[in-house]
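**Student:** Structure supplied as entry-v3.csv; contents: CSV, C-alpha atoms.
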```csv
chain,number,residue,atom,x,y,z
A,130,MET,CA,142.8,126.7,191.9
A,131,GLN,CA,141.8,130.2,193.0
A,132,GLN,CA,142.1,131.4,189.4
A,133,ILE,CA,139.8,128.6,188.2
A,134,LEU,CA,137.1,129.5,190.8
A,135,VAL,CA,137.3,133.2,189.7
A,136,ALA,CA,136.8,132.2,186.1
A,137,LEU,CA,133.8,130.0,186.9
A,138,PHE,CA,132.4,132.9,189.1
A,139,LEU,CA,132.6,135.2,186.1
A,140,PHE,CA,131.3,132.6,183.5
A,141,ILE,CA,128.2,131.5,185.3
A,142,PRO,CA,126.2,134.8,185.2
A,143,ARG,CA,127.1,135.3,181.6
A,144,ALA,CA,125.9,131.7,180.7
A,145,LEU,CA,122.7,132.3,182.6
A,146,ALA,CA,122.1,135.4,180.6
A,147,GLU,CA,122.8,133.7,177.3
A,148,PHE,CA,120.7,130.6,178.1
A,149,GLY,CA,117.9,132.5,179.9
A,150,GLY,CA,115.2,130.7,177.9
A,151,GLY,CA,113.4,133.7,176.4
A,152,LEU,CA,112.9,134.3,172.8
A,153,GLY,CA,116.2,135.0,171.0
A,154,SER,CA,118.2,133.3,173.8
A,155,PHE,CA,120.8,130.6,173.0
A,156,CYS,CA,119.6,127.0,173.6
A,157,GLN,CA,120.5,123.4,173.1
A,158,LEU,CA,117.2,121.7,173.7
A,159,ASP,CA,113.6,122.7,173.4
A,160,GLN,CA,113.3,122.5,177.1
A,161,ASP,CA,115.7,125.4,177.4
A,162,CYS,CA,113.1,127.7,175.9
A,163,ILE,CA,110.6,128.9,178.6
A,164,THR,CA,108.2,131.0,176.4
A,165,GLN,CA,105.0,129.1,175.7
A,166,ASN,CA,104.7,127.7,172.2
A,167,SER,CA,108.4,128.2,171.5
A,168,ARG,CA,111.2,125.7,170.7
A,169,CYS,CA,115.0,125.6,170.1
A,170,ASN,CA,115.5,126.3,166.5
A,171,HIS,CA,119.2,126.1,165.3
A,172,GLY,CA,120.4,127.1,168.8
A,173,ILE,CA,118.0,130.0,169.3
A,174,CYS,CA,114.7,130.1,171.1
A,175,ALA,CA,112.0,130.9,168.6
A,176,CYS,CA,108.2,130.6,168.2
A,177,LEU,CA,106.8,127.3,166.8
A,178,PRO,CA,105.6,127.3,163.1
A,179,TYR,CA,102.4,129.3,162.7
A,180,TYR,CA,103.0,131.2,165.9
A,181,ALA,CA,103.9,134.9,165.6
A,182,THR,CA,106.5,136.7,167.8
A,183,PHE,CA,104.9,139.6,169.7
A,184,ASN,CA,106.9,142.1,171.7
A,185,ASN,CA,109.7,139.4,171.7
A,186,THR,CA,108.0,137.9,174.8
A,187,GLN,CA,105.0,136.0,173.4
A,188,CYS,CA,104.2,133.5,170.7
A,189,LEU,CA,100.7,134.1,169.4
A,190,GLN,CA,98.9,131.6,167.2
A,191,SER,CA,98.4,132.7,163.6
A,192,THR,CA,94.8,133.1,162.6
A,193,LEU,CA,92.4,133.5,159.6
A,194,LEU,CA,90.6,136.5,158.1
A,195,GLY,CA,88.0,138.1,160.3
A,196,MET,CA,89.6,136.8,163.5
A,197,PRO,CA,91.1,138.9,166.3
A,198,CYS,CA,94.9,139.7,166.1
A,199,GLN,CA,97.6,141.7,167.8
A,200,THR,CA,100.3,141.6,165.1
A,201,SER,CA,100.2,141.3,161.3
A,202,GLU,CA,102.4,138.3,161.4
A,203,GLN,CA,99.5,136.3,162.9
A,204,CYS,CA,97.5,137.1,159.7
A,205,TRP,CA,100.0,136.7,156.8
A,206,GLN,CA,101.5,133.5,158.2
A,207,LYS,CA,98.2,131.8,157.3
A,208,VAL,CA,96.8,134.1,154.6
A,209,ALA,CA,99.0,135.8,152.1
A,210,ASN,CA,98.4,139.5,151.4
A,211,SER,CA,96.7,140.1,154.8
A,212,THR,CA,97.4,142.3,157.7
A,213,CYS,CA,96.2,143.1,161.2
A,214,ALA,CA,93.9,146.2,161.0
A,215,ALA,CA,92.0,147.5,164.0
A,216,GLY,CA,92.6,144.3,165.8
A,217,VAL,CA,91.2,142.0,163.1
A,218,CYS,CA,92.9,140.1,160.3
A,219,ARG,CA,91.9,141.7,157.0
A,220,CYS,CA,93.1,141.7,153.4
A,221,ASN,CA,95.6,144.3,152.3
A,222,LYS,CA,94.2,147.2,150.2
A,223,GLY,CA,93.6,146.1,146.6
A,224,PHE,CA,92.8,142.5,147.6
A,225,LEU,CA,89.4,140.9,148.1
A,226,GLN,CA,88.5,138.6,150.9
A,227,PHE,CA,87.3,135.2,149.8
A,228,ARG,CA,85.9,133.2,152.7
A,229,ARG,CA,88.4,133.1,155.6
A,230,HIS,CA,91.5,131.8,153.9
A,231,THR,CA,92.2,133.8,150.8
A,232,CYS,CA,92.9,137.4,149.7
A,233,LEU,CA,92.1,137.5,146.0
A,234,ILE,CA,93.9,139.8,143.5
A,235,PRO,CA,91.5,141.6,141.0
A,236,ALA,CA,90.1,139.3,138.3
A,237,ARG,CA,90.6,140.5,134.8
A,238,VAL,CA,87.9,140.1,132.0
A,239,GLY,CA,87.8,136.4,131.1
A,240,GLU,CA,89.4,135.2,134.3
A,241,VAL,CA,87.8,133.1,137.0
A,242,CYS,CA,85.8,135.1,139.5
A,243,TYR,CA,84.0,134.5,142.8
A,244,SER,CA,81.8,137.6,142.9
A,245,SER,CA,81.0,140.6,140.7
A,246,THR,CA,83.1,142.7,143.2
A,247,HIS,CA,86.0,140.5,142.3
A,248,CYS,CA,85.7,141.6,138.6
A,249,LYS,CA,84.8,145.3,139.3
A,250,MET,CA,88.1,145.7,141.2
A,251,TRP,CA,89.8,145.3,137.8
A,252,ASP,CA,87.1,146.9,135.5
A,253,PRO,CA,84.0,148.6,136.9
A,254,GLU,CA,82.1,147.7,133.7
A,255,SER,CA,82.5,143.9,134.2
A,256,HIS,CA,80.6,141.5,136.3
A,257,CYS,CA,80.9,137.8,137.3
A,258,ASP,CA,78.9,135.5,135.0
A,259,PHE,CA,78.5,132.5,137.3
A,260,LEU,CA,79.1,129.1,135.9
A,261,ILE,CA,78.0,127.5,139.2
A,262,PRO,CA,75.6,129.9,141.0
A,263,LYS,CA,77.1,131.8,143.9
A,264,LEU,CA,80.3,129.7,143.6
A,265,PHE,CA,82.5,130.8,140.7
A,266,GLY,CA,82.3,132.1,137.1
A,267,ARG,CA,84.2,134.3,134.7
A,268,CYS,CA,84.4,138.0,134.4
A,269,THR,CA,82.3,139.3,131.6
A,270,CYS,CA,81.6,142.8,130.2
A,271,ARG,CA,78.0,144.1,130.6
A,272,ASP,CA,77.6,144.6,126.9
A,273,GLY,CA,79.8,141.6,126.0
A,274,GLN,CA,82.4,143.8,124.3
A,275,SER,CA,86.0,143.7,125.5
A,276,LEU,CA,89.4,144.7,124.2
A,277,ARG,CA,92.0,142.3,125.6
A,278,ASP,CA,91.3,142.3,129.4
A,279,ARG,CA,89.3,145.5,129.5
A,280,CYS,CA,85.6,146.3,128.7
A,281,GLN,CA,85.0,148.7,125.8
A,282,ARG,CA,83.0,151.7,127.0
A,283,VAL,CA,79.8,152.3,125.1
A,284,SER,CA,78.1,155.6,125.8
A,285,HIS,CA,74.3,155.3,126.4
A,286,ALA,CA,72.2,158.4,126.7
A,287,PRO,CA,70.3,158.4,130.0
A,288,PRO,CA,66.6,157.6,129.6
A,289,SER,CA,64.1,160.5,129.8
A,290,PRO,CA,62.8,160.9,133.4
A,291,PRO,CA,59.2,159.8,133.7
A,292,ARG,CA,56.6,162.4,134.4
A,293,ASN,CA,53.2,161.3,135.5
A,294,LYS,CA,50.6,163.0,137.8
A,295,HIS,CA,49.3,159.6,139.0
A,296,ARG,CA,51.3,158.0,141.8
A,297,PRO,CA,52.4,154.5,140.7
A,298,HIS,CA,51.2,151.7,142.9
A,299,SER,CA,54.6,150.1,143.2
A,300,GLY,CA,56.9,153.0,142.5
A,301,ASP,CA,57.2,152.1,138.8
A,302,ALA,CA,56.3,155.4,137.0
A,303,LEU,CA,54.5,155.4,133.7
A,304,ARG,CA,56.8,155.9,130.7
A,305,ARG,CA,56.1,158.7,128.2
A,306,GLY,CA,53.4,157.7,125.8
A,307,GLU,CA,51.8,155.1,128.0
A,308,GLU,CA,49.0,157.3,129.3
A,309,ALA,CA,47.1,156.5,126.1
A,310,GLU,CA,48.6,153.2,125.1
A,311,GLY,CA,51.0,150.5,126.0
A,312,PRO,CA,50.4,147.4,128.1
A,313,VAL,CA,50.3,147.6,131.9
A,314,SER,CA,50.5,144.4,133.9
A,315,LEU,CA,48.4,143.4,136.9
A,316,GLY,CA,48.8,145.5,140.1
A,317,LEU,CA,50.5,148.5,138.5
A,318,SER,CA,49.1,152.0,137.9
A,319,CYS,CA,46.9,152.7,134.8
A,320,VAL,CA,44.8,155.3,133.2
A,321,THR,CA,42.6,153.4,130.8
A,322,ASP,CA,41.1,149.9,130.5
A,323,LYS,CA,42.9,149.5,127.2
A,324,GLN,CA,46.3,149.6,128.9
A,325,CYS,CA,45.4,146.7,131.2
A,326,ALA,CA,43.7,144.6,128.5
A,327,ALA,CA,46.8,144.9,126.4
A,328,ALA,CA,48.7,142.9,129.0
A,329,ASP,CA,45.8,140.6,130.1
A,330,ALA,CA,42.5,140.6,128.2
A,331,ASN,CA,40.7,139.7,131.5
A,332,SER,CA,41.9,142.8,133.4
A,333,ARG,CA,40.6,146.3,133.7
A,334,CYS,CA,41.7,149.7,135.2
A,335,ARG,CA,40.0,150.0,138.6
A,336,GLY,CA,40.8,152.9,140.8
A,337,GLY,CA,44.0,153.6,138.8
A,338,ILE,CA,45.3,150.0,139.2
A,339,CYS,CA,45.1,147.1,136.8
A,340,ASP,CA,43.0,144.4,138.4
A,341,CYS,CA,41.1,141.3,137.3
A,342,VAL,CA,37.5,141.7,136.1
A,343,VAL,CA,36.7,138.5,138.0
A,344,THR,CA,38.8,137.8,141.1
A,345,ASN,CA,38.9,134.4,142.7
A,346,GLY,CA,41.3,135.0,145.6
A,347,THR,CA,44.3,133.4,143.8
A,348,CYS,CA,45.0,136.1,141.2
A,349,SER,CA,44.3,139.8,141.7
A,350,ALA,CA,46.1,143.2,142.0
A,351,ALA,CA,46.8,142.3,145.6
A,352,VAL,CA,48.0,138.8,144.8
A,353,THR,CA,50.1,138.9,141.6
A,354,GLY,CA,52.0,135.7,142.1
A,355,CYS,CA,55.6,137.2,142.2
A,356,HIS,CA,58.0,136.8,145.0
A,357,LYS,CA,57.6,139.6,147.6
A,358,GLY,CA,60.1,142.4,147.1
A,359,THR,CA,60.9,141.8,143.5
A,360,PHE,CA,60.5,144.4,140.8
A,361,GLN,CA,57.7,144.0,138.3
A,362,CYS,CA,58.3,145.0,134.7
A,363,ARG,CA,55.4,147.2,133.6
A,364,GLY,CA,54.3,145.8,130.3
A,365,SER,CA,55.4,142.2,130.4
A,366,GLY,CA,54.6,141.3,134.0
A,367,LYS,CA,58.1,139.8,134.4
A,368,CYS,CA,59.5,140.1,137.9
A,369,ILE,CA,63.2,140.6,138.5
A,370,SER,CA,65.5,140.8,141.5
A,371,TRP,CA,65.6,144.2,143.3
A,372,TYR,CA,69.4,143.8,143.0
A,373,LEU,CA,69.2,144.2,139.2
A,374,VAL,CA,67.3,147.5,139.3
A,375,CYS,CA,69.4,150.6,138.5
A,376,ASP,CA,72.5,148.4,138.0
A,377,GLY,CA,73.2,149.9,134.6
A,378,ARG,CA,71.8,147.0,132.6
A,379,SER,CA,68.2,146.7,131.4
A,380,ASP,CA,66.5,143.5,132.4
A,381,CYS,CA,62.9,144.5,131.7
A,382,PRO,CA,61.8,144.4,128.0
A,383,GLY,CA,60.9,148.1,128.2
A,384,GLY,CA,63.9,149.1,130.2
A,385,GLU,CA,61.9,150.6,133.0
A,386,ASP,CA,64.3,149.0,135.6
A,387,GLU,CA,66.9,151.5,134.4
A,388,GLN,CA,64.9,154.7,134.6
A,389,CYS,CA,67.0,155.9,137.4
A,390,ARG,CA,67.1,159.7,137.2
A,391,GLU,CA,65.1,161.9,139.6
A,392,THR,CA,62.2,159.4,140.2
A,393,CYS,CA,63.5,156.1,141.6
A,394,PRO,CA,62.0,152.7,141.0
A,395,ARG,CA,60.6,151.4,144.2
A,396,THR,CA,63.4,148.8,144.9
A,397,ALA,CA,66.4,151.1,144.1
A,398,PHE,CA,68.3,153.4,146.4
A,399,ARG,CA,67.9,157.2,145.8
A,400,CYS,CA,70.9,159.4,146.2
A,401,ALA,CA,68.9,162.2,147.8
A,402,ARG,CA,71.7,164.6,148.6
A,403,SER,CA,73.3,164.4,145.2
A,404,ARG,CA,72.5,166.9,142.5
A,405,PRO,CA,71.0,166.0,140.1
A,406,HIS,CA,69.2,163.1,142.0
A,407,VAL,CA,70.2,159.7,140.7
A,408,CYS,CA,69.3,156.2,141.8
A,409,ILE,CA,71.6,153.2,142.2
A,410,SER,CA,71.1,149.5,142.9
A,411,ALA,CA,70.2,148.9,146.5
A,412,GLY,CA,72.9,146.2,146.4
A,413,LEU,CA,75.5,149.0,146.6
A,414,ARG,CA,74.3,150.2,150.0
A,415,CYS,CA,77.0,149.9,152.6
A,416,ASN,CA,79.5,148.1,150.4
A,417,GLY,CA,82.4,150.1,151.6
A,418,SER,CA,82.7,152.2,148.5
A,419,PRO,CA,80.7,155.4,147.8
A,420,ASP,CA,78.6,155.0,144.6
A,421,CYS,CA,76.3,158.1,145.0
A,422,PRO,CA,78.0,161.4,143.9
A,423,ALA,CA,77.7,162.7,147.4
A,424,GLY,CA,78.4,159.3,149.0
A,425,GLU,CA,75.1,159.0,150.9
A,426,ASP,CA,74.9,155.2,150.2
A,427,GLU,CA,77.7,154.8,152.8
A,428,VAL,CA,76.1,156.9,155.5
A,429,ASN,CA,75.0,155.1,158.8
A,430,CYS,CA,76.6,151.9,157.9
A,431,ARG,CA,77.8,151.2,161.4
A,432,ASP,CA,75.2,150.2,164.0
A,433,ILE,CA,77.1,151.7,166.9
A,434,ALA,CA,74.1,152.3,169.2
A,435,ASN,CA,72.2,149.1,168.2
A,436,ARG,CA,69.6,151.2,166.4
A,437,GLY,CA,69.5,148.9,163.4
A,438,CYS,CA,71.3,148.9,160.0
A,439,PRO,CA,69.7,150.7,157.0
A,440,ARG,CA,66.8,149.0,155.3
A,441,GLY,CA,68.0,146.3,152.9
A,442,THR,CA,71.3,145.7,154.6
A,443,TYR,CA,72.5,143.0,157.0
A,444,ARG,CA,73.8,143.7,160.5
A,445,CYS,CA,77.0,141.7,161.4
A,446,LYS,CA,77.5,140.7,165.0
A,447,ASP,CA,80.2,143.3,165.4
A,448,GLY,CA,77.7,146.1,164.5
A,449,SER,CA,78.9,146.7,161.0
A,450,CYS,CA,76.4,146.9,158.1
A,451,ILE,CA,76.9,145.1,154.8
A,452,GLY,CA,74.7,144.8,151.6
A,453,GLY,CA,71.7,142.6,152.2
A,454,HIS,CA,72.7,140.4,149.2
A,455,GLU,CA,75.9,139.3,151.0
A,456,PHE,CA,73.9,137.1,153.4
A,457,CYS,CA,74.5,133.4,152.7
A,458,ASN,CA,76.3,133.9,149.4
A,459,ALA,CA,79.2,131.6,150.2
A,460,ILE,CA,81.6,134.5,150.7
A,461,LEU,CA,82.5,135.8,154.1
A,462,THR,CA,81.9,139.6,154.2
A,463,CYS,CA,81.4,140.4,157.9
A,464,PRO,CA,84.7,140.6,159.9
A,465,ASP,CA,83.3,137.9,162.2
A,466,GLY,CA,81.8,135.7,159.5
A,467,SER,CA,78.3,136.1,160.9
A,468,ASP,CA,76.8,136.6,157.4
A,469,GLU,CA,77.4,132.9,156.6
A,470,PRO,CA,75.8,130.9,159.5
A,471,GLU,CA,76.3,127.3,158.5
A,472,GLY,CA,73.0,126.0,159.8
A,473,ALA,CA,70.9,128.6,158.1
A,474,CYS,CA,72.8,128.7,154.8
A,475,ASN,CA,72.9,124.9,154.4
A,476,GLY,CA,69.4,124.3,155.8
A,477,SER,CA,70.8,122.0,158.3
A,478,GLY,CA,69.9,123.9,161.5
A,479,PRO,CA,67.8,126.6,163.1
A,480,ALA,CA,67.8,130.1,161.5
A,481,HIS,CA,67.3,133.2,163.6
A,482,TYR,CA,67.4,135.3,160.4
A,483,CYS,CA,66.0,134.0,157.1
A,484,PRO,CA,65.0,136.8,154.6
A,485,PHE,CA,64.2,134.2,151.9
A,486,ARG,CA,63.7,130.6,152.6
A,487,CYS,CA,64.1,128.1,149.7
A,488,ALA,CA,61.9,125.1,149.3
A,489,ASN,CA,64.8,122.9,150.4
A,490,GLY,CA,65.1,124.8,153.7
A,491,ARG,CA,68.1,126.9,152.9
A,492,CYS,CA,68.1,130.6,153.8
A,493,ARG,CA,69.2,133.2,151.3
A,494,SER,CA,69.1,136.9,150.7
A,495,THR,CA,65.9,138.2,148.9
A,496,ALA,CA,68.3,139.4,146.2
A,497,ILE,CA,68.4,135.9,144.7
A,498,ALA,CA,64.6,135.8,144.0
A,499,CYS,CA,64.1,136.2,140.2
A,500,SER,CA,67.8,137.0,139.6
A,501,GLY,CA,67.8,134.6,136.6
A,502,ARG,CA,70.2,132.2,138.4
A,503,ASP,CA,69.4,129.3,140.7
A,504,GLY,CA,70.6,130.6,144.1
A,505,CYS,CA,68.8,127.9,146.2
A,506,GLY,CA,70.1,124.8,144.5
A,507,ASP,CA,66.5,123.6,143.8
A,508,ASN,CA,65.5,126.6,141.6
A,509,SER,CA,62.7,127.5,144.0
A,510,ASP,CA,63.8,131.2,143.9
A,511,GLU,CA,63.1,131.3,140.1
A,512,THR,CA,59.7,129.7,140.1
A,513,ASN,CA,57.4,132.7,140.8
A,514,CYS,CA,58.9,135.3,138.5
A,515,GLN,CA,55.9,136.0,136.2
A,516,ILE,CA,52.6,137.4,137.3
A,517,CYS,CA,49.5,135.3,137.3
A,518,ARG,CA,46.8,135.4,134.6
A,519,CYS,CA,43.3,136.7,135.5
A,520,PRO,CA,40.6,134.1,135.3
A,521,LYS,CA,38.5,134.3,132.1
A,522,VAL,CA,35.3,136.4,132.3
```
Could you take the file, read its structure, and then write that structure out as structure tokens?

**Tutor:**
Amino acid sequence: MQQILVALFLFIPRALAEFGGGLGSFCQLDQDCITQNSRCNHGICACLPYYATFNNTQCLQSTLLGMPCQTSEQCWQKVANSTCAAGVCRCNKGFLQFRRHTCLIPARVGEVCYSSTHCKMWDPESHCDFLIPKLFGRCTCRDGQSLRDRCQRVSHAPPSPPRNKHRPHSGDALRRGEEAEGPVSLGLSCVTDKQCAAADANSRCRGGICDCVVTNGTCSAAVTGCHKGTFQCRGSGKCISWYLVCDGRSDCPGGEDEQCRETCPRTAFRCARSRPHVCISAGLRCNGSPDCPAGEDEVNCRDIANRGCPRGTYRCKDGSCIGGHEFCNAILTCPDGSDEPEGACNGSGPAHYCPFRCANGRCRSTAIACSGRDGCGDNSDETNCQICRCPKV
């Protein structure tokens, strides 16, 4: 009997250690496991499904992209190819975040894409040609020429920098040869009446600006009819999105939206520190990748002291700055998802920030105005993309 008692005395502490209830301990029932959100799994205490083990003492719930985390397991349990970086779930390097639940691999030419960035990760010369606006499309080369899954590079000589002693009204410099001829549309700088009349017979050059001979308050140099902030093509009067200016692809009939050396179009971003000076699309500002030779497009992209993000960008709630065109584009870009407020984007609730309001009440970035695609769902962003015509004399 004495030997039995001694054996029990030695067994009980060892049993208590093995069945202590913590993670990794032996168990028979779920109740044996004392760590919150754990269970008995094949005789061992382990975290429940979609709970990550942390320091072998806690079971932390797995989470989605842009949400706080303490261990990478919280991220990749729900979203493949993600990790915990700086306390937030993010996609691994080389993958692109799509909303909160997916890390996309680069999209090849011809494959389905969800943004132009998705395509450019594979080939910088490609972009996403949307089949359903702001939702999905297919990667296409800028010039339409591809070889297998890559775009063929076609060298283009840079346009001659404009030189003009007159200061353009909207930042659109006169092209060489236009001082004496060539149409100039309403509201842009001119030298002669002939230039204005070539675009609209009822306009004249007044004070260096093309204006209507007879103004009635609805059409004049001050009220041209285009959406505010768009870029006006000099000769045709067509208005295009600021996002398309200096993007490497001509959208104006005369190509003035791509005269991006030294003198910048008004809506573009000027790489002031780079030599020689070049201009890039304002949509590249604060996109996380330097596009200027000296990288000045990625300077001051963190609103640490609440001083405000650079012009044309959007400030996330966490203080980071992203491209203004990322607001309400159906893709989460801010780590906290604040660039996709449901009420504002769907037009179903109040909007504290609404750079461009569609006729249906939805809020969008000003980049969608005159982009050539219906970004509102009712085409209201594409209705005022041609300047008005002056009343007849």

**Student:** Write out as a ChimeraX atom specification each polymer residue whose atoms come within 9 Å of Thr231 in chain A, counting all atoms listed in the file; drop sequence neighbours fewer than 6 positions from it.

**Tutor:** /A:193-194,208-211,220,225

**Student:** Save the residues we just selected, C-alpha atoms, as a CSV table (one decimal), in the coordinates of the input?

**Tutor:**
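File produced: result.csv:
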```csv
chain,number,residue,atom,x,y,z
A,193,LEU,CA,92.4,133.5,159.6
A,194,LEU,CA,90.6,136.5,158.1
A,208,VAL,CA,96.8,134.1,154.6
A,209,ALA,CA,99.0,135.8,152.1
A,210,ASN,CA,98.4,139.5,151.4
A,211,SER,CA,96.7,140.1,154.8
A,220,CYS,CA,93.1,141.7,153.4
A,225,LEU,CA,89.4,140.9,148.1
```

**Student:** Give the answer as one residue: which of A:Lys357, A:Arg279, A:His454, A:His171 has the shortest atom-to-atom distance to His256 in chain A, using all atoms listed in the file?

**Tutor:**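 Smallest separation from His256 in chain A among the options: A:Arg279.
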
**Student:** May I ask for the distance between CA of Val342 in chain A and CA of Cys381 in chain A, given in Å to one decimal place?

**Tutor:**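 Here the two named atoms are 25.9 Å from each other.
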
**Student:** Excluding Val343 in chain A and any residue of its chain fewer than 4 positions from it, enumerate the residues within 9 Å of it, using only C-alpha atoms, and give them as a short mmCIF file (atom, residue, chain, number, x, y, z; two decimals) with C-alpha atoms, in the coordinates of the input.

**Tutor:**
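For reference, part_7.cif as written:
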```
data_model
loop_
_atom_site.label_atom_id
_atom_site.label_comp_id
_atom_site.auth_asym_id
_atom_site.auth_seq_id
_atom_site.Cartn_x
_atom_site.Cartn_y
_atom_site.Cartn_z
CA ASN A 331 40.70 139.70 131.50
CA SER A 332 41.90 142.80 133.40
CA SER A 349 44.30 139.80 141.70
CA CYS A 519 43.30 136.70 135.50
CA PRO A 520 40.60 134.10 135.30
CA LYS A 521 38.50 134.30 132.10
CA VAL A 522 35.30 136.40 132.30
#
```

**Student:** Using all atoms listed in the file, find the one residue out of A:Arg168, A:Arg228, A:Pro382, A:Asn185 that sits nearest to Asp468 in chain A.

**Tutor:** A:Arg228

**Student:** Out of A:Lys207, A:Gln361, A:Gly377, A:Gly506, which residue has the shortest atom-to-atom distance to Ser255 in chain A when counting all atoms listed in the file?

**Tutor:**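 Closest to Ser255 in chain A, using all atoms listed in the file: A:Gly377.
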
**Student:** Rounded to one decimal in Å, what is the spacing between CA of Arg229 in chain A and CA of Asn508 in chain A?

**Tutor:**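 Answer for the CA of Arg229 in chain A to CA of Asn508 in chain A separation: 27.6 Å.
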
**Student:** Using only C-alpha atoms, give me every residue within 10 Å of (118.9, 125.5, 175.7) in file coordinates, as a ChimeraX atom specification.

**Tutor:** /A:147-151,154-163,168-170,172-174

**Student:** With C-alpha atoms kept, could you save the residues just selected as a PDB file, in the coordinates of the input?

**Tutor:**
```pdb
ATOM      1  CA  GLU A 147     122.800 133.700 177.300  1.00  0.00           C
ATOM      2  CA  PHE A 148     120.700 130.600 178.100  1.00  0.00           C
ATOM      3  CA  GLY A 149     117.900 132.500 179.900  1.00  0.00           C
ATOM      4  CA  GLY A 150     115.200 130.700 177.900  1.00  0.00           C
ATOM      5  CA  GLY A 151     113.400 133.700 176.400  1.00  0.00           C
ATOM      6  CA  SER A 154     118.200 133.300 173.800  1.00  0.00           C
ATOM      7  CA  PHE A 155     120.800 130.600 173.000  1.00  0.00           C
ATOM      8  CA  CYS A 156     119.600 127.000 173.600  1.00  0.00           C
ATOM      9  CA  GLN A 157     120.500 123.400 173.100  1.00  0.00           C
ATOM     10  CA  LEU A 158     117.200 121.700 173.700  1.00  0.00           C
ATOM     11  CA  ASP A 159     113.600 122.700 173.400  1.00  0.00           C
ATOM     12  CA  GLN A 160     113.300 122.500 177.100  1.00  0.00           C
ATOM     13  CA  ASP A 161     115.700 125.400 177.400  1.00  0.00           C
ATOM     14  CA  CYS A 162     113.100 127.700 175.900  1.00  0.00           C
ATOM     15  CA  ILE A 163     110.600 128.900 178.600  1.00  0.00           C
ATOM     16  CA  ARG A 168     111.200 125.700 170.700  1.00  0.00           C
ATOM     17  CA  CYS A 169     115.000 125.600 170.100  1.00  0.00           C
ATOM     18  CA  ASN A 170     115.500 126.300 166.500  1.00  0.00           C
ATOM     19  CA  GLY A 172     120.400 127.100 168.800  1.00  0.00           C
ATOM     20  CA  ILE A 173     118.000 130.000 169.300  1.00  0.00           C
ATOM     21  CA  CYS A 174     114.700 130.100 171.100  1.00  0.00           C
TER      22      CYS A 174
END
```

**Student:** Between A:Thr164, A:Ser379, A:Gly424, A:Gly316, which has the minimum distance to Ala351 in chain A (counting all atoms listed in the file)?

**Tutor:**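 Using all atoms listed in the file, Ala351 in chain A sits closest to A:Gly316.
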
**Student:** Find the distance between CA of Thr321 in chain A and CA of Arg399 in chain A and write it in Å to one decimal.

**Tutor:**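 Taking CA of Thr321 in chain A as the start and CA of Arg399 in chain A as the end point, the length is 29.7 Å.
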
**Student:** Considering only C-alpha atoms, give me a table of residues in range 338-435 of chain A that are at most 12 Å from range 241-250 of chain A, with the closest atom pair and distance in Å for each, as a Markdown table.

**Tutor:**
```
| residue | atom | partner | partner_atom | distance |
| --- | --- | --- | --- | --- |
| A:Asp376 | CA | A:Ser245 | CA | 11.8 |
| A:Gly412 | CA | A:Thr246 | CA | 11.2 |
| A:Leu413 | CA | A:Thr246 | CA | 10.4 |
| A:Asn416 | CA | A:Thr246 | CA | 9.7 |
| A:Gly417 | CA | A:Thr246 | CA | 11.2 |
| A:Ser418 | CA | A:Thr246 | CA | 10.9 |
```

**Student:** Please produce a file of the residues just selected, as a PDB file, keeping the file's coordinate frame, where the atoms kept are C-alpha atoms.

**Tutor:**
```pdb
ATOM      1  CA  ASP A 376      72.500 148.400 138.000  1.00  0.00           C
ATOM      2  CA  GLY A 412      72.900 146.200 146.400  1.00  0.00           C
ATOM      3  CA  LEU A 413      75.500 149.000 146.600  1.00  0.00           C
ATOM      4  CA  ASN A 416      79.500 148.100 150.400  1.00  0.00           C
ATOM      5  CA  GLY A 417      82.400 150.100 151.600  1.00  0.00           C
ATOM      6  CA  SER A 418      82.700 152.200 148.500  1.00  0.00           C
TER       7      SER A 418
END
```

**Student:** As an MDAnalysis selection string, please: the residues near Thr396 in chain A (cut-off 12 Å, all atoms listed in the file, same-chain neighbours under 5 positions excluded).

**Tutor:** chainID A and resid 299:301 357:361 368:376 386:389 408:412 440:441 495:496

**Student:** Could you turn the residues from that selection into a file that holds C-alpha atoms, as a compact mmCIF listing (two decimals), in the coordinates of the input?

**Tutor:**
```txt
# COMPACT_ATOMS: atom_id res chain seq x y z
CA SER A 299 54.60 150.10 143.20
CA GLY A 300 56.90 153.00 142.50
CA ASP A 301 57.20 152.10 138.80
CA LYS A 357 57.60 139.60 147.60
CA GLY A 358 60.10 142.40 147.10
CA THR A 359 60.90 141.80 143.50
CA PHE A 360 60.50 144.40 140.80
CA GLN A 361 57.70 144.00 138.30
CA CYS A 368 59.50 140.10 137.90
CA ILE A 369 63.20 140.60 138.50
CA SER A 370 65.50 140.80 141.50
CA TRP A 371 65.60 144.20 143.30
CA TYR A 372 69.40 143.80 143.00
CA LEU A 373 69.20 144.20 139.20
CA VAL A 374 67.30 147.50 139.30
CA CYS A 375 69.40 150.60 138.50
CA ASP A 376 72.50 148.40 138.00
CA ASP A 386 64.30 149.00 135.60
CA GLU A 387 66.90 151.50 134.40
CA GLN A 388 64.90 154.70 134.60
CA CYS A 389 67.00 155.90 137.40
CA CYS A 408 69.30 156.20 141.80
CA ILE A 409 71.60 153.20 142.20
CA SER A 410 71.10 149.50 142.90
CA ALA A 411 70.20 148.90 146.50
CA GLY A 412 72.90 146.20 146.40
CA ARG A 440 66.80 149.00 155.30
CA GLY A 441 68.00 146.30 152.90
CA THR A 495 65.90 138.20 148.90
CA ALA A 496 68.30 139.40 146.20
```

**Student:** Neighbours of Asp340 in chain A within 10 Å (all atoms listed in the file; same-chain residues fewer than 3 positions away dropped), as a list in words?

**Tutor:**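 These residues fall inside the cut-off: Ser314, Leu315, Gly316, Leu317, Ser318, Cys319, Asp322, Cys325, Ala326, Asp329, Asn331, Ser332, Arg333, Cys334, Arg335, Gly336, Gly337, Val343, Thr344, Cys348, Ser349, Ala350, Ala351, Val352, Thr353 and Cys519 of chain A.
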